[in-house]
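Shown next: coords-v2.cif, given as mmCIF, C-alpha atoms and all ligand atoms.
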data_target
#
loop_
_atom_site.label_atom_id
_atom_site.label_comp_id
_atom_site.auth_asym_id
_atom_site.auth_seq_id
_atom_site.Cartn_x
_atom_site.Cartn_y
_atom_site.Cartn_z
CA MET A 1 -3.01 29.66 10.63
CA THR A 2 -1.82 26.24 9.50
CA TYR A 3 -1.47 23.46 12.05
CA SER A 4 -0.57 19.79 11.81
CA THR A 5 -2.71 16.84 12.77
CA ILE A 6 -2.33 13.05 12.92
CA LEU A 7 -3.96 11.57 9.80
CA GLY A 8 -2.92 7.95 10.24
CA THR A 9 -0.76 5.52 12.23
CA GLY A 10 0.84 2.17 11.41
CA SER A 11 3.29 -0.34 12.82
CA TYR A 12 5.26 -3.51 12.18
CA LEU A 13 6.59 -6.14 14.57
CA PRO A 14 8.90 -9.03 13.59
CA GLU A 15 7.37 -12.48 13.75
CA LYS A 16 9.93 -14.03 16.10
CA ILE A 17 9.29 -13.60 19.83
CA LEU A 18 11.96 -14.00 22.50
CA THR A 19 10.52 -14.56 26.00
CA ASN A 20 12.24 -14.03 29.34
CA PHE A 21 12.40 -17.83 29.62
CA ASP A 22 14.32 -17.95 26.32
CA LEU A 23 16.73 -15.35 27.76
CA GLU A 24 17.31 -17.49 30.86
CA LYS A 25 19.04 -19.92 28.48
CA ILE A 26 21.29 -17.21 27.00
CA VAL A 27 22.44 -15.10 29.99
CA ASP A 28 22.52 -15.37 33.79
CA THR A 29 19.07 -13.94 34.45
CA THR A 30 15.57 -15.00 35.49
CA ASN A 31 12.06 -14.26 34.33
CA GLU A 32 11.31 -12.95 37.85
CA TRP A 33 14.21 -10.46 37.82
CA ILE A 34 13.29 -9.06 34.39
CA LEU A 35 9.57 -8.84 35.19
CA GLU A 36 10.08 -7.24 38.60
CA ARG A 37 12.73 -4.69 37.52
CA THR A 38 11.36 -3.81 34.08
CA GLY A 39 7.83 -5.17 33.47
CA ILE A 40 9.00 -6.86 30.25
CA GLN A 41 7.75 -10.41 29.48
CA GLN A 42 8.88 -10.77 25.87
CA ARG A 43 10.24 -8.84 22.89
CA HIS A 44 10.16 -9.25 19.08
CA VAL A 45 13.44 -9.98 17.33
CA ALA A 46 14.04 -9.34 13.63
CA ALA A 47 14.98 -12.16 11.28
CA GLU A 48 17.69 -11.47 8.69
CA HIS A 49 15.21 -10.21 6.06
CA GLU A 50 13.55 -7.85 8.56
CA THR A 51 15.72 -4.80 8.06
CA THR A 52 15.16 -1.26 9.33
CA VAL A 53 13.89 -0.09 5.93
CA MET A 54 11.68 -3.16 5.43
CA MET A 55 9.96 -2.65 8.78
CA ALA A 56 9.69 1.10 8.11
CA GLU A 57 7.99 0.37 4.78
CA HIS A 58 5.38 -1.91 6.38
CA ALA A 59 4.62 0.60 9.15
CA GLY A 60 4.57 3.49 6.68
CA ARG A 61 2.18 1.77 4.26
CA ALA A 62 -0.19 0.91 7.12
CA ALA A 63 -0.19 4.55 8.28
CA LEU A 64 -0.79 5.81 4.71
CA ASN A 65 -3.69 3.35 4.27
CA GLN A 66 -5.31 4.47 7.50
CA ALA A 67 -4.85 8.13 6.50
CA GLY A 68 -6.30 7.43 3.03
CA ILE A 69 -3.25 9.06 1.44
CA LYS A 70 -1.31 7.77 -1.54
CA PRO A 71 2.51 7.68 -1.33
CA ALA A 72 2.57 10.26 -4.17
CA ASN A 73 0.96 12.79 -1.81
CA ILE A 74 3.76 12.56 0.75
CA ASP A 75 5.86 15.75 0.70
CA MET A 76 8.60 14.71 3.14
CA ILE A 77 9.90 11.57 4.87
CA ILE A 78 11.66 11.67 8.24
CA VAL A 79 12.96 8.44 9.80
CA SER A 80 14.35 8.19 13.31
CA SER A 81 16.64 5.19 13.84
CA THR A 82 19.74 4.33 15.85
CA THR A 83 20.04 1.18 13.78
CA PRO A 84 19.94 2.22 10.09
CA ASP A 85 20.81 -0.45 7.51
CA LEU A 86 23.46 1.85 6.01
CA VAL A 87 25.32 4.93 7.29
CA PHE A 88 24.17 6.49 4.03
CA PRO A 89 21.97 6.72 2.03
CA SER A 90 19.49 7.43 4.81
CA THR A 91 16.70 4.98 5.62
CA ALA A 92 14.34 7.74 4.49
CA CYS A 93 15.93 7.75 1.01
CA LEU A 94 15.79 3.94 0.81
CA LEU A 95 12.14 4.15 1.78
CA GLN A 96 11.41 6.88 -0.73
CA GLU A 97 12.80 4.62 -3.47
CA ARG A 98 10.50 1.77 -2.29
CA PHE A 99 7.51 4.12 -2.38
CA GLY A 100 8.52 5.38 -5.85
CA ILE A 101 8.23 9.05 -4.90
CA ALA A 102 11.62 10.46 -5.92
CA GLY A 103 11.96 14.21 -5.42
CA CYS A 104 10.59 15.02 -1.97
CA PRO A 105 13.05 15.71 0.88
CA ALA A 106 13.88 12.58 2.89
CA PHE A 107 16.26 12.36 5.85
CA ASP A 108 17.11 10.43 9.02
CA LEU A 109 17.69 11.44 12.62
CA ASN A 110 20.15 8.95 14.10
CA GLY A 111 21.68 10.19 17.32
CA SER A 112 18.70 11.06 19.49
CA ALA A 113 18.15 7.38 20.27
CA CYS A 114 14.95 6.71 22.20
CA ALA A 115 14.05 10.42 22.11
CA GLY A 116 14.41 10.35 18.32
CA PHE A 117 10.75 9.97 17.51
CA MET A 118 9.81 13.09 19.50
CA TYR A 119 12.55 15.01 17.65
CA ALA A 120 11.30 13.79 14.25
CA PHE A 121 7.68 14.50 15.19
CA SER A 122 8.53 18.04 16.33
CA ILE A 123 10.51 18.81 13.16
CA ALA A 124 7.61 17.54 11.03
CA ASP A 125 5.19 19.73 12.98
CA GLN A 126 7.38 22.84 12.44
CA TYR A 127 7.55 22.22 8.67
CA ILE A 128 3.79 21.87 8.36
CA ARG A 129 3.10 24.92 10.55
CA ALA A 130 5.45 26.96 8.33
CA GLY A 131 2.93 26.31 5.57
CA LYS A 132 5.31 24.94 2.94
CA ILE A 133 4.66 21.23 3.28
CA LYS A 134 1.35 19.42 3.52
CA ASN A 135 1.89 15.74 4.39
CA ILE A 136 4.86 14.20 6.20
CA LEU A 137 5.56 10.54 6.91
CA VAL A 138 7.34 10.25 10.29
CA ILE A 139 8.75 6.84 11.19
CA GLY A 140 10.73 5.21 13.99
CA SER A 141 12.27 1.88 12.96
CA GLU A 142 14.78 -0.12 15.02
CA VAL A 143 16.60 -3.45 15.02
CA MET A 144 17.96 -3.09 18.55
CA SER A 145 18.77 -6.82 18.61
CA ARG A 146 21.70 -6.08 16.27
CA ILE A 147 23.36 -3.56 18.60
CA VAL A 148 22.93 -5.20 22.01
CA ASP A 149 25.61 -7.38 23.52
CA TRP A 150 23.84 -10.73 23.96
CA LYS A 151 26.34 -11.56 26.73
CA ASP A 152 25.46 -8.45 28.78
CA ARG A 153 22.44 -9.30 30.93
CA SER A 154 22.03 -5.71 32.10
CA THR A 155 21.13 -4.49 28.60
CA CYS A 156 20.12 -7.42 26.34
CA VAL A 157 16.97 -8.16 28.33
CA LEU A 158 15.63 -4.63 27.79
CA PHE A 159 15.37 -4.11 24.06
CA GLY A 160 13.20 -5.27 21.14
CA ASP A 161 12.72 -4.64 17.41
CA GLY A 162 9.89 -3.00 15.45
CA ALA A 163 8.69 0.07 13.57
CA GLY A 164 5.94 2.64 14.04
CA ALA A 165 4.74 5.38 11.68
CA ILE A 166 2.57 8.48 11.77
CA VAL A 167 1.29 10.54 8.82
CA LEU A 168 1.09 14.18 9.82
CA GLY A 169 -0.99 16.46 7.60
CA ALA A 170 -1.84 20.16 7.43
CA SER A 171 -5.11 21.25 9.02
CA LYS A 172 -7.01 24.41 9.97
CA GLU A 173 -7.60 23.13 13.53
CA PRO A 174 -4.61 22.33 15.76
CA GLY A 175 -3.97 18.63 16.21
CA ILE A 176 -0.42 19.00 17.49
CA LEU A 177 -0.85 21.62 20.22
CA SER A 178 2.85 21.98 21.08
CA THR A 179 6.14 20.09 21.05
CA HIS A 180 9.04 20.50 23.50
CA LEU A 181 12.61 19.29 22.95
CA HIS A 182 15.62 19.28 25.28
CA ALA A 183 19.10 17.78 25.55
CA ASP A 184 21.91 17.72 28.11
CA GLY A 185 25.23 16.44 26.78
CA THR A 186 26.78 16.39 30.27
CA HIS A 187 25.08 13.01 30.66
CA LYS A 188 26.70 11.60 27.51
CA ASP A 189 28.28 8.68 29.42
CA VAL A 190 25.03 7.31 30.89
CA LEU A 191 23.86 5.70 27.63
CA TYR A 192 25.86 5.49 24.43
CA LEU A 193 26.73 3.37 21.41
CA PRO A 194 30.32 3.68 20.14
CA LEU A 195 31.10 3.30 16.45
CA GLY A 196 33.10 0.22 15.54
CA SER A 197 36.64 0.88 14.35
CA ARG A 198 37.17 1.09 10.61
CA LYS A 199 39.06 -2.21 10.69
CA THR A 200 36.15 -3.98 12.37
CA PRO A 201 33.15 -2.47 10.67
CA ASN A 202 30.61 -3.96 13.07
CA LEU A 203 29.02 -1.51 15.46
CA GLU A 204 29.88 -1.96 19.10
CA SER A 205 27.10 -2.64 21.59
CA ILE A 206 25.05 -0.35 23.82
CA LYS A 207 26.68 0.87 27.04
CA MET A 208 24.34 1.96 29.83
CA VAL A 209 24.45 3.02 33.48
CA GLY A 210 20.88 1.87 34.12
CA ASN A 211 20.24 3.13 37.64
CA GLN A 212 21.54 6.68 36.90
CA LEU A 213 19.51 6.80 33.72
CA PHE A 214 16.42 5.73 35.64
CA LYS A 215 16.66 8.71 38.03
CA LEU A 216 17.45 11.16 35.23
CA ALA A 217 14.43 9.96 33.26
CA VAL A 218 12.02 10.34 36.15
CA ASN A 219 13.26 13.86 37.02
CA THR A 220 13.47 15.27 33.50
CA LEU A 221 10.13 13.86 32.39
CA GLY A 222 8.31 15.22 35.44
CA ASN A 223 9.55 18.73 34.61
CA LEU A 224 8.72 18.21 30.95
CA PHE A 225 5.06 17.49 31.77
CA ASP A 226 4.82 20.75 33.76
CA GLU A 227 6.41 22.69 30.87
CA THR A 228 4.10 21.09 28.28
CA LEU A 229 0.90 21.71 30.25
CA ALA A 230 1.89 25.31 31.12
CA ALA A 231 2.55 26.11 27.44
CA ASN A 232 -1.05 25.11 26.67
CA HIS A 233 -2.68 26.57 29.80
CA MET A 234 -3.90 23.06 30.62
CA LYS A 235 -4.21 21.04 33.82
CA LYS A 236 -3.29 17.40 34.44
CA SER A 237 -7.00 16.59 34.46
CA ASP A 238 -7.24 17.72 30.80
CA ILE A 239 -5.06 14.79 29.68
CA ASP A 240 -6.92 11.71 28.42
CA TRP A 241 -3.92 9.53 27.56
CA LEU A 242 -0.22 9.26 28.32
CA VAL A 243 1.66 7.80 25.31
CA PRO A 244 5.13 7.26 26.76
CA HIS A 245 8.41 5.87 25.50
CA GLN A 246 8.54 2.27 26.72
CA ALA A 247 11.77 1.76 28.69
CA ASN A 248 10.78 0.49 32.12
CA MET A 249 7.41 -0.14 33.78
CA ARG A 250 8.60 1.56 36.97
CA ILE A 251 9.36 4.75 34.98
CA ILE A 252 5.99 4.56 33.20
CA ASP A 253 4.25 4.06 36.57
CA ALA A 254 5.99 7.10 38.03
CA MET A 255 4.99 9.19 34.99
CA ALA A 256 1.35 8.11 35.21
CA LYS A 257 1.34 9.11 38.88
CA LYS A 258 2.79 12.54 38.03
CA LEU A 259 -0.16 13.10 35.69
CA ASN A 260 -2.69 11.54 38.14
CA LEU A 261 -3.62 9.05 35.40
CA PRO A 262 -4.66 5.42 36.10
CA LEU A 263 -2.63 2.85 34.15
CA ASP A 264 -5.62 2.08 31.91
CA ARG A 265 -5.13 5.60 30.50
CA VAL A 266 -1.52 4.83 29.55
CA THR A 267 -0.56 3.06 26.31
CA ILE A 268 1.62 0.16 27.46
CA THR A 269 3.37 -2.15 24.99
CA LEU A 270 6.54 -2.67 27.03
CA ASP A 271 5.39 -6.01 28.47
CA LYS A 272 5.07 -7.58 25.01
CA GLN A 273 7.61 -5.56 23.00
CA GLY A 274 10.41 -4.39 25.33
CA ASN A 275 12.14 -1.10 24.56
CA THR A 276 12.04 -0.55 20.78
CA SER A 277 13.85 2.81 21.09
CA SER A 278 12.54 5.40 18.64
CA ALA A 279 9.81 3.03 17.41
CA SER A 280 8.15 2.64 20.82
CA ILE A 281 5.94 5.76 20.86
CA PRO A 282 4.33 5.32 17.41
CA LEU A 283 4.01 1.56 18.05
CA ALA A 284 2.11 2.21 21.29
CA LEU A 285 -0.04 4.93 19.70
CA ASP A 286 -0.94 2.73 16.73
CA GLN A 287 -1.98 -0.16 18.95
CA ALA A 288 -4.30 2.03 21.06
CA VAL A 289 -5.77 3.73 17.97
CA ARG A 290 -6.44 0.43 16.18
CA ASP A 291 -8.04 -1.30 19.17
CA GLY A 292 -10.31 1.73 19.66
CA ARG A 293 -9.01 2.90 23.06
CA ILE A 294 -7.79 6.27 21.75
CA GLN A 295 -10.61 8.26 20.17
CA ARG A 296 -10.66 11.38 17.98
CA GLY A 297 -10.76 14.60 20.03
CA GLN A 298 -8.92 13.15 23.05
CA ILE A 299 -5.84 14.88 24.48
CA LEU A 300 -2.60 12.87 24.39
CA MET A 301 0.66 13.55 26.21
CA MET A 302 3.50 11.91 24.27
CA GLU A 303 7.01 11.75 25.74
CA GLY A 304 10.38 10.20 24.99
CA PHE A 305 13.90 10.20 26.45
CA GLY A 306 17.16 8.57 25.49
CA GLY A 307 20.90 8.83 24.92
CA GLY A 308 22.33 12.31 24.92
CA LEU A 309 20.59 12.78 27.21
CA ALA A 310 17.82 13.94 24.90
CA TRP A 311 14.15 14.19 25.76
CA GLY A 312 10.97 15.62 24.31
CA SER A 313 7.20 15.76 24.48
CA ALA A 314 4.16 16.64 22.40
CA LEU A 315 0.66 17.56 23.44
CA VAL A 316 -1.82 16.38 20.82
CA ARG A 317 -5.54 16.65 20.23
CA TYR A 318 -5.98 13.35 18.38
N1 LIG A 401 19.23 -10.42 35.54
C1 LIG A 401 19.65 -10.57 36.83
N2 LIG A 401 20.38 -9.64 37.47
C2 LIG A 401 20.71 -8.53 36.79
C3 LIG A 401 20.31 -8.31 35.46
C4 LIG A 401 19.56 -9.32 34.83
N3 LIG A 401 19.12 -9.21 33.56
N4 LIG A 401 20.79 -7.12 35.04
C5 LIG A 401 21.46 -6.58 36.09
N5 LIG A 401 21.42 -7.43 37.14
C6 LIG A 401 22.00 -7.27 38.49
C7 LIG A 401 23.17 -6.30 38.49
O1 LIG A 401 24.36 -6.97 38.12
C8 LIG A 401 23.19 -5.87 39.95
O2 LIG A 401 23.81 -6.87 40.70
P1 LIG A 401 24.79 -6.50 41.93
O3 LIG A 401 23.91 -5.78 42.91
O4 LIG A 401 25.27 -7.83 42.39
O5 LIG A 401 25.85 -5.62 41.35
C9 LIG A 401 21.71 -5.85 40.34
O6 LIG A 401 21.04 -6.63 39.33
C10 LIG A 401 21.10 -4.47 40.42
O7 LIG A 401 21.46 -3.73 39.27
P2 LIG A 401 20.90 -2.28 39.00
O8 LIG A 401 21.44 -1.81 37.67
O9 LIG A 401 21.13 -1.39 40.17
O10 LIG A 401 19.33 -2.60 38.91
P3 LIG A 401 18.12 -1.63 38.70
O11 LIG A 401 17.11 -1.86 39.73
O12 LIG A 401 18.56 -0.22 38.46
O13 LIG A 401 17.47 -2.18 37.34
C11 LIG A 401 17.44 -1.54 35.02
C12 LIG A 401 18.25 -2.17 36.14
C13 LIG A 401 18.33 -1.48 33.80
C14 LIG A 401 16.25 -2.42 34.74
C15 LIG A 401 16.96 -0.13 35.44
O14 LIG A 401 18.04 0.60 36.01
C16 LIG A 401 16.41 0.66 34.29
O15 LIG A 401 15.45 0.28 33.66
N6 LIG A 401 17.00 1.83 34.01
C17 LIG A 401 16.57 2.68 32.97
C18 LIG A 401 17.01 2.06 31.67
C19 LIG A 401 16.48 2.78 30.50
O16 LIG A 401 15.52 3.50 30.61
N7 LIG A 401 17.12 2.52 29.36
C20 LIG A 401 16.73 2.98 28.10
C21 LIG A 401 16.67 4.43 28.01
S1 LIG A 401 16.00 4.89 26.52
#
Go ahead and express the file in the form of structure tokens.
Ligand code: COA
Amino acid sequence: MTYSTILGTGSYLPEKILTNFDLEKIVDTTNEWILERTGIQQRHVAAEHETTVMMAEHAGRAALNQAGIKPANIDMIIVSSTTPDLVFPSTACLLQERFGIAGCPAFDLNGSACAGFMYAFSIADQYIRAGKIKNILVIGSEVMSRIVDWKDRSTCVLFGDGAGAIVLGASKEPGILSTHLHADGTHKDVLYLPLGSRKTPNLESIKMVGNQLFKLAVNTLGNLFDETLAANHMKKSDIDWLVPHQANMRIIDAMAKKLNLPLDRVTITLDKQGNTSSASIPLALDQAVRDGRIQRGQILMMEGFGGGLAWGSALVRY
């Protein structure tokens, strides 16, 4: 049997930081409201030169270095992004050109929003398990600051920019134990991003019904944990770490409780980074790997949810 395993992780955050106090000067909000309702203190915001592909390249190179793998040994690139620099070519193709590895398949997943990284991760796992591909670079890279309406206090306070990357490689022992993906298009109106008209090429901004989305997230993710554990004949007590999508501290809290995990067993970057959409899970994983909290052999529950609705999980022996 061939399985896939995590060989390396990497990330990139823009230099500029926007605090809640900075936001108080832009929209009718307060630091207290944002902290209490979301847990966010600050977020990183990309400068003009910090594009989706540029951040993806930094995160990807860091992950390759940690894995000890040269770009030439990458067999596939998958990028998840709701904020690509171009409609086409894909960010993955732009990245492939920067790595100088023309020839391998390279593609983006764009519509799964904050669940996108789990979709990309699952697809990469399936390819490696099928035995045809050895090493895959999976990246989430987002400049959310370019698609939020900076006059809409209910959304602009939530999001941040950044990129996270994972190198998945073939192994004899299972690293990725299982992945689980779902979607329910009946909730399409709860979170969406319309395309701009052809006459005004700019994208429109994110539309969100926050309180409905909150309830949907808590319900769907609770069921997803049960499904993921059952598929592996595991109990909640077998989980060492929850590596969640970072949307709201109250959602993360509820998820930790569902798994009976204390918060010091949850990778939390939301306070410093906000919601970086499909970059949030690899960003949080990379931080906990690099500061030594997550150790080889530990069991990780990764989960993400976003527009669609789309949601997914992975159970991983790191
Ligand atoms: N500052 C101050 N007040 C704000 C505000 C802000 N930044 N944003 C919204 N409000 C106001 C609203 O206008 C509303 O006022 P009203 O009662 O006078 O109408 C009030 O706060 C409550 O709004 P509501 O949307 O019910 O608050 P909430 O407790 O649900 O918190 C979210 C809002 C967005 C923080 C929360 O719903 C959430 O995090 N939802 C999930 C979002 C998510 O996960 N998104 C990404 C998915 S990938």
Counting all atoms listed in the file, which residues of range 158-207 of chain A sit at most 12 Å from some atom of range 99-111 of chain A, and what is each one's closest atom pair with its distance in Å to one decimal, listed by chain and rising residue number, as CSV?
residue,atom,partner,partner_atom,distance
A:Ala183,CA,A:Gly111,CA,11.5
A:Gly185,CA,A:Gly111,CA,11.9
A:Lys188,CA,A:Gly111,CA,11.4
A:Leu191,CA,A:Gly111,CA,11.5
A:Tyr192,CA,A:Gly111,CA,9.5
A:Leu193,CA,A:Gly111,CA,9.4
A:Pro194,CA,A:Gly111,CA,11.2
A:Leu195,CA,A:Gly111,CA,11.7
Exercise for the section: Can you tell me which residues come within 9 Å of ligand LIG 401 (chain A) when counting all atoms listed in the file, ideally as a VMD selection string? Expected result: chain A and resid 23 to 24 27 to 34 36 to 39 113 to 115 152 to 159 191 208 to 217 245 to 251 275 to 278 304 to 307
Residues from the last selection, C-alpha atoms, saved as a short mmCIF file (atom, residue, chain, number, x, y, z; two decimals), in the coordinates of the input:
data_model
loop_
_atom_site.label_atom_id
_atom_site.label_comp_id
_atom_site.auth_asym_id
_atom_site.auth_seq_id
_atom_site.Cartn_x
_atom_site.Cartn_y
_atom_site.Cartn_z
CA LEU A 23 16.73 -15.35 27.76
CA GLU A 24 17.31 -17.49 30.86
CA VAL A 27 22.44 -15.10 29.99
CA ASP A 28 22.52 -15.37 33.79
CA THR A 29 19.07 -13.94 34.45
CA THR A 30 15.57 -15.00 35.49
CA ASN A 31 12.06 -14.26 34.33
CA GLU A 32 11.31 -12.95 37.85
CA TRP A 33 14.21 -10.46 37.82
CA ILE A 34 13.29 -9.06 34.39
CA GLU A 36 10.08 -7.24 38.60
CA ARG A 37 12.73 -4.69 37.52
CA THR A 38 11.36 -3.81 34.08
CA GLY A 39 7.83 -5.17 33.47
CA ALA A 113 18.15 7.38 20.27
CA CYS A 114 14.95 6.71 22.20
CA ALA A 115 14.05 10.42 22.11
CA ASP A 152 25.46 -8.45 28.78
CA ARG A 153 22.44 -9.30 30.93
CA SER A 154 22.03 -5.71 32.10
CA THR A 155 21.13 -4.49 28.60
CA CYS A 156 20.12 -7.42 26.34
CA VAL A 157 16.97 -8.16 28.33
CA LEU A 158 15.63 -4.63 27.79
CA PHE A 159 15.37 -4.11 24.06
CA LEU A 191 23.86 5.70 27.63
CA MET A 208 24.34 1.96 29.83
CA VAL A 209 24.45 3.02 33.48
CA GLY A 210 20.88 1.87 34.12
CA ASN A 211 20.24 3.13 37.64
CA GLN A 212 21.54 6.68 36.90
CA LEU A 213 19.51 6.80 33.72
CA PHE A 214 16.42 5.73 35.64
CA LYS A 215 16.66 8.71 38.03
CA LEU A 216 17.45 11.16 35.23
CA ALA A 217 14.43 9.96 33.26
CA HIS A 245 8.41 5.87 25.50
CA GLN A 246 8.54 2.27 26.72
CA ALA A 247 11.77 1.76 28.69
CA ASN A 248 10.78 0.49 32.12
CA MET A 249 7.41 -0.14 33.78
CA ARG A 250 8.60 1.56 36.97
CA ILE A 251 9.36 4.75 34.98
CA ASN A 275 12.14 -1.10 24.56
CA THR A 276 12.04 -0.55 20.78
CA SER A 277 13.85 2.81 21.09
CA SER A 278 12.54 5.40 18.64
CA GLY A 304 10.38 10.20 24.99
CA PHE A 305 13.90 10.20 26.45
CA GLY A 306 17.16 8.57 25.49
CA GLY A 307 20.90 8.83 24.92
#
Exercise for the section: May I have the residues at most 7 Å from (1.6, 13.3, 9.2) in the file's coordinates, counting all atoms listed in the file, as a VMD selection string? Expected result: chain A and resid 5 to 7 135 to 138 166 to 169
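Between CA of Glu50 in chain A and CA of Val143 in chain A the separation is 8.4 Å.
Counting all atoms listed in the file, the residue from A:Ile252, A:Val266, A:Ala279, A:Ile139 that sits nearest to Arg293 in chain A is A:Val266.
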Taking a cut-off of 10 Å and counting only C-alpha atoms, can you build a table that, for each residue of range 244-305 of chain A near range 57-74 of chain A, reports the nearest atom pair and how far apart they are in Å (one decimal), sorted by chain then residue number, as CSV?
residue,atom,partner,partner_atom,distance
A:Pro282,CA,A:Ala59,CA,9.5
A:Leu283,CA,A:Ala59,CA,9.0
A:Asp286,CA,A:Ala63,CA,8.7
A:Arg290,CA,A:Gln66,CA,9.6
Dump as a PDB file, in the frame of the given file, selection limited to C-alpha atoms:
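The result, stored in again-v2.pdb:
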ATOM      1  CA  PRO A 282       4.330   5.320  17.410  1.00  0.00           C
ATOM      2  CA  LEU A 283       4.010   1.560  18.050  1.00  0.00           C
ATOM      3  CA  ASP A 286      -0.940   2.730  16.730  1.00  0.00           C
ATOM      4  CA  ARG A 290      -6.440   0.430  16.180  1.00  0.00           C
TER       5      ARG A 290
END
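Taking CA of Ala230 in chain A as the reference point, CA of Tyr127 in chain A is found at 23.4 Å.
Computed from the coordinates, the CA of Leu315 in chain A to CA of His180 in chain A distance equals 8.9 Å.
The shortest atom-to-atom distance to Leu35 in chain A, with all atoms listed in the file taken into account, belongs to A:Asn20 out of A:Ser90, A:Asn20, A:Glu48, A:Asp240.
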Handout entry: Residues near Thr269 in chain A, cut-off 6 Å, all atoms listed in the file, skip fewer than 3 positions along chain, as a PyMOL selection string
Key = chain A and resi 272-273+284
Written file, previous selection with C-alpha atoms, as a JSON list (two decimals), in the frame of the given file:
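part.json, written as the output of this step:
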[["chain", "number", "residue", "atom", "x", "y", "z"],
["A", 272, "LYS", "CA", 5.07, -7.58, 25.01],
["A", 273, "GLN", "CA", 7.61, -5.56, 23.00],
["A", 284, "ALA", "CA", 2.11, 2.21, 21.29]]
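Using only C-alpha atoms for every distance, the candidate list A:Asp253, A:Glu227, A:Asp271, A:Glu204 yields A:Glu227 as the residue closest to Leu181 in chain A.
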Practice task
Determine, counting only C-alpha atoms, which protein, DNA and RNA residues have an atom within 10 Å of an atom of Arg146 in chain A; residues of the same chain fewer than 2 positions away are not included. Present the result as JSON, numbers by chain.
Solution key: {"A": [45, 46, 83, 142, 143, 144, 148, 149, 150, 160, 161, 202, 203, 204, 205]}
